file input_18.cif (mmCIF, C-alpha atoms)
data_run
#
loop_
_atom_site.label_atom_id
_atom_site.label_comp_id
_atom_site.auth_asym_id
_atom_site.auth_seq_id
_atom_site.Cartn_x
_atom_site.Cartn_y
_atom_site.Cartn_z
CA MET Y 11 0.00 0.00 0.00
CA SER Y 12 1.35 3.44 -0.91
CA PRO Y 13 2.04 5.92 1.91
CA LYS Y 14 -0.72 8.23 0.65
CA LYS Y 15 -3.26 5.44 0.54
CA LYS Y 16 -2.29 4.34 4.05
CA LEU Y 17 -2.54 7.91 5.31
CA VAL Y 18 -6.07 8.17 3.89
CA GLU Y 19 -6.99 4.88 5.57
CA ILE Y 20 -5.82 6.17 8.97
CA CYS Y 21 -7.73 9.44 8.46
CA HIS Y 22 -10.92 7.49 7.87
CA LYS Y 23 -10.25 5.39 10.98
CA VAL Y 24 -9.82 8.35 13.33
CA TYR Y 25 -13.04 9.88 11.98
CA ASP Y 26 -15.00 6.63 12.24
CA LYS Y 27 -13.78 6.19 15.82
CA GLY Y 28 -14.96 9.69 16.73
CA PHE Y 29 -11.47 10.91 17.59
CA VAL Y 30 -12.17 13.97 15.40
CA THR Y 31 -15.25 15.76 14.08
CA ALA Y 32 -15.85 18.06 11.12
CA TYR Y 33 -12.47 19.46 9.95
CA ASP Y 34 -10.55 18.72 13.16
CA GLY Y 35 -7.21 16.94 13.48
CA ASN Y 36 -4.22 16.35 11.26
CA ILE Y 37 -2.11 13.31 10.42
CA SER Y 38 1.26 12.90 8.73
CA CYS Y 39 3.98 10.42 7.88
CA ARG Y 40 7.64 10.74 6.92
CA THR Y 41 8.64 9.25 3.57
CA LEU Y 42 11.80 7.38 2.58
CA LYS Y 43 12.87 10.61 0.82
CA ASP Y 44 12.77 12.36 4.22
CA THR Y 45 9.81 14.45 3.12
CA VAL Y 46 6.47 14.59 4.91
CA LEU Y 47 2.99 13.70 3.69
CA ILE Y 48 0.34 15.62 5.65
CA THR Y 49 -3.38 16.23 5.49
CA ARG Y 50 -4.46 19.53 3.97
CA SER Y 51 -6.30 22.19 5.92
CA GLY Y 52 -10.10 22.36 6.07
CA ILE Y 53 -11.03 18.78 5.14
CA CYS Y 54 -13.13 16.26 7.04
CA LYS Y 55 -10.93 13.27 7.83
CA GLY Y 56 -13.82 10.95 6.98
CA GLU Y 57 -13.99 12.33 3.44
CA ILE Y 58 -10.30 12.76 2.68
CA THR Y 59 -8.79 11.30 -0.50
CA GLU Y 60 -5.24 11.02 -1.81
CA LYS Y 61 -5.74 14.36 -3.58
CA ASP Y 62 -6.04 15.99 -0.15
CA ILE Y 63 -2.55 14.93 0.94
CA VAL Y 64 0.23 17.50 0.58
CA GLU Y 65 3.96 16.72 0.45
CA ILE Y 66 6.27 19.12 2.28
CA ASP Y 67 9.92 19.16 3.26
CA LEU Y 68 11.14 19.22 6.87
CA ASN Y 69 11.09 23.02 6.79
CA GLY Y 70 7.44 23.16 5.79
CA LYS Y 71 7.94 24.06 2.13
CA VAL Y 72 5.21 22.59 -0.10
CA LEU Y 73 6.70 20.21 -2.68
CA THR Y 74 3.59 18.69 -4.25
CA GLY Y 75 -0.07 19.58 -3.96
CA LYS Y 76 -1.78 22.94 -4.37
CA GLN Y 77 -3.86 22.86 -1.21
CA GLU Y 78 -3.04 24.71 1.99
CA ILE Y 79 -1.31 22.48 4.52
CA SER Y 80 -2.63 21.97 8.03
CA THR Y 81 -2.10 25.02 10.21
CA GLU Y 82 -0.59 22.75 12.86
CA HIS Y 83 2.04 21.18 10.64
CA LYS Y 84 4.77 22.50 12.96
CA ILE Y 85 3.74 19.95 15.60
CA HIS Y 86 4.51 17.21 13.11
CA LEU Y 87 7.77 18.71 11.85
CA TYR Y 88 8.96 19.28 15.40
CA ALA Y 89 8.50 15.59 16.20
CA TYR Y 90 10.43 14.59 13.07
CA TRP Y 91 13.23 17.04 13.85
CA LYS Y 92 13.58 15.71 17.38
CA ARG Y 93 13.08 11.97 16.89
CA LYS Y 94 14.60 10.09 13.97
CA GLU Y 95 12.67 6.94 14.93
CA VAL Y 96 9.33 8.74 14.61
CA THR Y 97 7.80 8.33 11.15
CA SER Y 98 4.20 9.27 11.87
CA VAL Y 99 2.25 11.80 13.94
CA VAL Y 100 -1.47 11.75 14.76
CA HIS Y 101 -3.19 14.79 16.28
CA CYS Y 102 -6.83 14.38 17.31
CA HIS Y 103 -9.41 15.55 19.84
CA PRO Y 104 -10.57 12.24 21.39
CA THR Y 105 -13.38 12.82 23.90
CA TYR Y 106 -12.08 11.23 27.10
CA ALA Y 107 -8.41 12.08 26.65
CA THR Y 108 -9.34 15.67 25.85
CA THR Y 109 -11.57 15.76 28.93
CA PHE Y 110 -8.48 15.16 31.08
CA ALA Y 111 -6.64 17.84 29.08
CA LEU Y 112 -9.46 20.30 29.92
CA LEU Y 113 -9.16 19.39 33.58
CA GLY Y 114 -5.45 20.17 33.44
CA GLU Y 115 -4.48 16.57 34.10
CA GLY Y 116 -2.03 14.35 32.30
CA LEU Y 117 -2.34 10.57 32.49
CA GLU Y 118 0.88 10.05 34.40
CA LYS Y 119 -0.27 7.55 37.01
CA HIS Y 120 -0.02 3.91 36.04
CA TYR Y 121 -3.23 1.90 36.24
CA LEU Y 122 -3.19 -0.40 33.21
CA PRO Y 123 -0.22 -2.69 32.38
CA GLU Y 124 -0.82 -2.51 28.63
CA MET Y 125 -0.97 1.27 28.67
CA PHE Y 126 2.20 1.43 30.75
CA LEU Y 127 4.13 -0.77 28.33
CA THR Y 128 2.84 0.92 25.18
CA MET Y 129 3.31 4.55 26.16
CA GLY Y 130 4.24 4.96 29.80
CA LYS Y 131 3.32 8.37 31.18
CA VAL Y 132 1.16 10.67 29.09
CA PRO Y 133 2.15 14.21 30.16
CA LEU Y 134 0.09 17.37 29.86
CA CYS Y 135 1.60 20.12 27.69
CA ARG Y 136 0.81 23.66 28.80
CA TYR Y 137 -1.89 25.53 26.94
CA ALA Y 138 -0.94 27.22 23.68
CA THR Y 139 -3.14 28.96 21.12
CA PRO Y 140 -3.80 26.56 18.21
CA SER Y 141 -1.87 27.20 15.00
CA THR Y 142 0.82 29.30 16.74
CA ASP Y 143 4.48 28.43 17.31
CA GLU Y 144 3.66 28.08 21.00
CA VAL Y 145 1.90 24.77 20.33
CA HIS Y 146 4.94 22.83 19.19
CA LYS Y 147 7.07 24.62 21.78
CA SER Y 148 4.73 23.31 24.49
CA LEU Y 149 5.82 19.77 23.57
CA ASN Y 150 9.45 20.56 24.31
CA PRO Y 151 9.71 19.14 27.87
CA TYR Y 152 8.49 15.72 26.69
CA ILE Y 153 9.13 15.38 22.95
CA ASN Y 154 12.43 13.51 23.31
CA TYR Y 155 10.88 10.48 24.99
CA SER Y 156 7.06 10.60 25.13
CA TRP Y 157 4.94 8.66 22.65
CA ALA Y 158 1.71 10.39 23.62
CA MET Y 159 0.98 13.86 24.99
CA LEU Y 160 -2.13 15.77 25.98
CA LEU Y 161 -2.45 19.38 24.86
CA GLN Y 162 -4.17 21.46 27.53
CA ASN Y 163 -7.66 22.59 26.43
CA HIS Y 164 -6.94 21.19 22.99
CA GLY Y 165 -6.51 17.48 22.34
CA ALA Y 166 -3.84 14.81 22.04
CA VAL Y 167 -0.79 13.90 19.97
CA THR Y 168 0.68 10.44 19.45
CA LEU Y 169 3.92 9.52 17.73
CA GLY Y 170 4.73 6.25 16.03
CA LYS Y 171 7.27 4.24 14.08
CA SER Y 172 4.57 3.75 11.44
CA LEU Y 173 1.13 5.13 10.67
CA ASP Y 174 -0.50 2.10 12.26
CA ASP Y 175 1.68 2.50 15.34
CA ALA Y 176 0.75 6.17 15.84
CA TYR Y 177 -2.93 5.41 15.21
CA PHE Y 178 -3.05 2.48 17.64
CA LYS Y 179 -1.37 4.62 20.29
CA MET Y 180 -4.17 7.18 19.88
CA GLU Y 181 -6.74 4.39 20.09
CA LYS Y 182 -5.15 2.94 23.22
CA LEU Y 183 -4.82 6.40 24.78
CA GLU Y 184 -8.53 7.12 24.34
CA HIS Y 185 -9.53 3.66 25.56
CA ALA Y 186 -7.40 4.03 28.70
CA ALA Y 187 -8.68 7.57 29.31
CA LYS Y 188 -12.26 6.30 29.14
CA ILE Y 189 -11.57 3.47 31.59
CA ILE Y 190 -9.80 5.80 34.03
CA PHE Y 191 -12.56 8.41 33.74
CA LEU Y 192 -15.25 5.83 34.47
CA ALA Y 193 -13.27 4.31 37.33
CA LYS Y 194 -12.80 7.73 38.93
CA SER Y 195 -16.51 8.47 38.57
CA ILE Y 196 -17.28 5.38 40.66
CA GLY Y 197 -14.47 5.44 43.18
CA LYS Y 198 -10.71 5.55 43.54
CA PRO Y 199 -8.90 3.37 40.99
CA ARG Y 200 -5.95 1.33 42.22
CA GLU Y 201 -2.57 2.39 40.89
CA LEU Y 202 0.06 -0.16 39.94
CA SER Y 203 2.59 -0.45 42.74
CA LYS Y 204 6.35 -0.17 42.25
CA LYS Y 205 6.50 -3.95 42.70
CA ASN Y 206 3.84 -4.41 40.01
CA ILE Y 207 5.74 -2.12 37.64
CA ASN Y 208 9.09 -3.84 38.22
CA GLU Y 209 7.49 -7.24 37.54
CA ILE Y 210 5.90 -5.92 34.34
CA LEU Y 211 9.22 -4.46 33.19
CA LYS Y 212 11.02 -7.74 33.85
CA ILE Y 213 8.48 -9.81 31.93
CA ALA Y 214 8.29 -7.28 29.10
CA LYS Y 215 12.06 -7.40 28.63
CA SER Y 216 12.47 -11.17 28.85
CA THR Y 217 9.33 -12.19 26.97
CA TYR Y 218 8.65 -9.44 24.47
CA GLY Y 219 11.96 -7.60 24.22
CA ILE Y 220 10.22 -4.35 25.24
CA SER Y 221 12.18 -1.70 27.11
CA VAL Y 222 10.50 1.32 28.65
CA ASP Y 223 12.38 4.62 28.81
CA LYS Y 224 13.03 5.44 32.49
CA ARG Y 225 11.57 8.90 31.91
CA ASN Y 226 8.25 7.23 31.11
CA ILE Y 227 8.10 5.19 34.31
#
call {"tool": "encode", "arguments": {"input": "input_18.cif", "output": "structure tokens"}}
result
Amino acid sequence: MSPKKKLVEICHKVYDKGFVTAYDGNISCRTLKDTVLITRSGICKGEITEKDIVEIDLNGKVLTGKQEISTEHKIHLYAYWKRKEVTSVVHCHPTYATTFALLGEGLEKHYLPEMFLTMGKVPLCRYATPSTDEVHKSLNPYINYSWAMLLQNHGAVTLGKSLDDAYFKMEKLEHAAKIIFLAKSIGKPRELSKKNINEILKIAKSTYGISVDKRNI
């Protein structure tokens, strides 16, 4: 499958899942030429086609496509500048994750083993006006190691080593946020203990070859 076709597929998925509405959100991937394919501005992700994908360089210069690129393309470029292993960025406004962002809370406590192993802590980035340089600058404290970040009063960003990887991180983030939200509405959810976390890390390393960055623990 071509990168453009895959990008369109992921756009349709985030819309179908309700992670975005109307013209919200933006998704990109880095190509083997070290250019970036990104969704154009002002298009519903559920209706996007390959013609709505714009190719830009790592400085934001449009290489192919006549449409206006997403106003938040700097979030994507910043991730690619900072992390060579990152090849895809998904920015959405998923309901439950964004609810925590509105409350001024990151998801930094560990409740779910799968969430811990996939992304570790999900920090909250300080509020920045959408489409300004302040948005990508707000990622700065966490961009070197985080795979998922909440944007205060805005939404969420996930990074991946592929389009599927970045998408599934967004899916897992929203699923975990929903579980934690519901648990907190009923009572006080139990956090994983240090012993629990150490056991998970040991099994993850020996069984799955997964290592978690210490900054995410």
call {"tool": "closest_residue", "arguments": {"input": "input_18.cif", "among": "Y:Val222, Y:Leu161, Y:Ala176, Y:Ile210", "to": "Y:Phe110", "atoms": "all atoms listed in the file"}}
result
Y:Leu161
call {"tool": "resolve_selection", "arguments": {"input": "input_18.cif", "expression": "the PyMOL selection byres ((chain Y and resi 123-133) around 9)", "output": "number ranges by chain"}}
result
Y: 115-122, 134-135, 152, 156-161, 179, 182-183, 186, 202, 206-207, 210-211, 214, 220-223, 225-227
call {"tool": "write_last_selection", "arguments": {"input": "input_18.cif", "atoms": "C-alpha atoms", "output": "PDB file, keeping the file's coordinate frame"}}
result
ATOM      1  CA  GLU Y 115      -4.480  16.570  34.100  1.00  0.00           C
ATOM      2  CA  GLY Y 116      -2.030  14.350  32.300  1.00  0.00           C
ATOM      3  CA  LEU Y 117      -2.340  10.570  32.490  1.00  0.00           C
ATOM      4  CA  GLU Y 118       0.880  10.050  34.400  1.00  0.00           C
ATOM      5  CA  LYS Y 119      -0.270   7.550  37.010  1.00  0.00           C
ATOM      6  CA  HIS Y 120      -0.020   3.910  36.040  1.00  0.00           C
ATOM      7  CA  TYR Y 121      -3.230   1.900  36.240  1.00  0.00           C
ATOM      8  CA  LEU Y 122      -3.190  -0.400  33.210  1.00  0.00           C
ATOM      9  CA  LEU Y 134       0.090  17.370  29.860  1.00  0.00           C
ATOM     10  CA  CYS Y 135       1.600  20.120  27.690  1.00  0.00           C
ATOM     11  CA  TYR Y 152       8.490  15.720  26.690  1.00  0.00           C
ATOM     12  CA  SER Y 156       7.060  10.600  25.130  1.00  0.00           C
ATOM     13  CA  TRP Y 157       4.940   8.660  22.650  1.00  0.00           C
ATOM     14  CA  ALA Y 158       1.710  10.390  23.620  1.00  0.00           C
ATOM     15  CA  MET Y 159       0.980  13.860  24.990  1.00  0.00           C
ATOM     16  CA  LEU Y 160      -2.130  15.770  25.980  1.00  0.00           C
ATOM     17  CA  LEU Y 161      -2.450  19.380  24.860  1.00  0.00           C
ATOM     18  CA  LYS Y 179      -1.370   4.620  20.290  1.00  0.00           C
ATOM     19  CA  LYS Y 182      -5.150   2.940  23.220  1.00  0.00           C
ATOM     20  CA  LEU Y 183      -4.820   6.400  24.780  1.00  0.00           C
ATOM     21  CA  ALA Y 186      -7.400   4.030  28.700  1.00  0.00           C
ATOM     22  CA  LEU Y 202       0.060  -0.160  39.940  1.00  0.00           C
ATOM     23  CA  ASN Y 206       3.840  -4.410  40.010  1.00  0.00           C
ATOM     24  CA  ILE Y 207       5.740  -2.120  37.640  1.00  0.00           C
ATOM     25  CA  ILE Y 210       5.900  -5.920  34.340  1.00  0.00           C
ATOM     26  CA  LEU Y 211       9.220  -4.460  33.190  1.00  0.00           C
ATOM     27  CA  ALA Y 214       8.290  -7.280  29.100  1.00  0.00           C
ATOM     28  CA  ILE Y 220      10.220  -4.350  25.240  1.00  0.00           C
ATOM     29  CA  SER Y 221      12.180  -1.700  27.110  1.00  0.00           C
ATOM     30  CA  VAL Y 222      10.500   1.320  28.650  1.00  0.00           C
ATOM     31  CA  ASP Y 223      12.380   4.620  28.810  1.00  0.00           C
ATOM     32  CA  ARG Y 225      11.570   8.900  31.910  1.00  0.00           C
ATOM     33  CA  ASN Y 226       8.250   7.230  31.110  1.00  0.00           C
ATOM     34  CA  ILE Y 227       8.100   5.190  34.310  1.00  0.00           C
TER      35      ILE Y 227
END
call {"tool": "residues_around", "arguments": {"input": "input_18.cif", "residues": "stretch 13-24 of chain Y", "least_positions_apart": "4", "cutoff": "7 Å", "atoms": "all atoms listed in the file", "output": "list in words"}}
result
Gly28, Phe29, Val30, Lys55, Gly56, Ile58, Thr59, Glu60, Ile63 and Tyr177 of chain Y
call {"tool": "write_last_selection", "arguments": {"input": "input_18.cif", "atoms": "C-alpha atoms", "output": "compact mmCIF listing (two decimals), in the frame of the given file"}}
result
# COMPACT_ATOMS: atom_id res chain seq x y z
CA GLY Y 28 -14.96 9.69 16.73
CA PHE Y 29 -11.47 10.91 17.59
CA VAL Y 30 -12.17 13.97 15.40
CA LYS Y 55 -10.93 13.27 7.83
CA GLY Y 56 -13.82 10.95 6.98
CA ILE Y 58 -10.30 12.76 2.68
CA THR Y 59 -8.79 11.30 -0.50
CA GLU Y 60 -5.24 11.02 -1.81
CA ILE Y 63 -2.55 14.93 0.94
CA TYR Y 177 -2.93 5.41 15.21
call {"tool": "closest_residue", "arguments": {"input": "input_18.cif", "among": "Y:Ala138, Y:Val96, Y:Ala187, Y:Cys54", "to": "Y:Thr41", "atoms": "all atoms listed in the file"}}
result
Y:Val96
call {"tool": "closest_residue", "arguments": {"input": "input_18.cif", "among": "Y:Lys188, Y:Lys215, Y:Lys61, Y:Lys76", "to": "Y:Tyr106", "atoms": "all atoms listed in the file"}}
result
Y:Lys188
call {"tool": "resolve_selection", "arguments": {"input": "input_18.cif", "expression": "the PyMOL selection byres ((chain Y and resi 199) around 12)", "output": "list in words"}}
result
Lys119, His120, Tyr121, Leu122, Ile189, Ile190, Phe191, Leu192, Ala193, Lys194, Ser195, Ile196, Gly197, Lys198, Arg200, Glu201 and Leu202 of chain Y
call {"tool": "resolve_selection", "arguments": {"input": "input_18.cif", "expression": "the PyMOL selection byres ((chain Y and resi 147) around 10)", "output": "PDB file with C-alpha atoms, in the frame of the given file"}}
result
ATOM      1  CA  LYS Y  84       4.770  22.500  12.960  1.00  0.00           C
ATOM      2  CA  ILE Y  85       3.740  19.950  15.600  1.00  0.00           C
ATOM      3  CA  TYR Y  88       8.960  19.280  15.400  1.00  0.00           C
ATOM      4  CA  CYS Y 135       1.600  20.120  27.690  1.00  0.00           C
ATOM      5  CA  ARG Y 136       0.810  23.660  28.800  1.00  0.00           C
ATOM      6  CA  ALA Y 138      -0.940  27.220  23.680  1.00  0.00           C
ATOM      7  CA  THR Y 142       0.820  29.300  16.740  1.00  0.00           C
ATOM      8  CA  ASP Y 143       4.480  28.430  17.310  1.00  0.00           C
ATOM      9  CA  GLU Y 144       3.660  28.080  21.000  1.00  0.00           C
ATOM     10  CA  VAL Y 145       1.900  24.770  20.330  1.00  0.00           C
ATOM     11  CA  HIS Y 146       4.940  22.830  19.190  1.00  0.00           C
ATOM     12  CA  SER Y 148       4.730  23.310  24.490  1.00  0.00           C
ATOM     13  CA  LEU Y 149       5.820  19.770  23.570  1.00  0.00           C
ATOM     14  CA  ASN Y 150       9.450  20.560  24.310  1.00  0.00           C
ATOM     15  CA  PRO Y 151       9.710  19.140  27.870  1.00  0.00           C
ATOM     16  CA  ILE Y 153       9.130  15.380  22.950  1.00  0.00           C
TER      17      ILE Y 153
END
call {"tool": "atom_distance", "arguments": {"input": "input_18.cif", "atom1": "atom CA of Y:Trp91", "atom2": "atom CA of Y:Asp174"}}
result
20.4 Å
call {"tool": "residues_around", "arguments": {"input": "input_18.cif", "residues": "Y:Val64", "least_positions_apart": "5", "cutoff": "12 Å", "atoms": "only C-alpha atoms", "output": "ChimeraX atom specification"}}
result
/Y:13-14,17-18,36-40,45-51,58-59,70-80,83
call {"tool": "atom_distance", "arguments": {"input": "input_18.cif", "atom1": "atom CA of Y:Asp34", "atom2": "atom CA of Y:Gly114"}}
result
21.0 Å
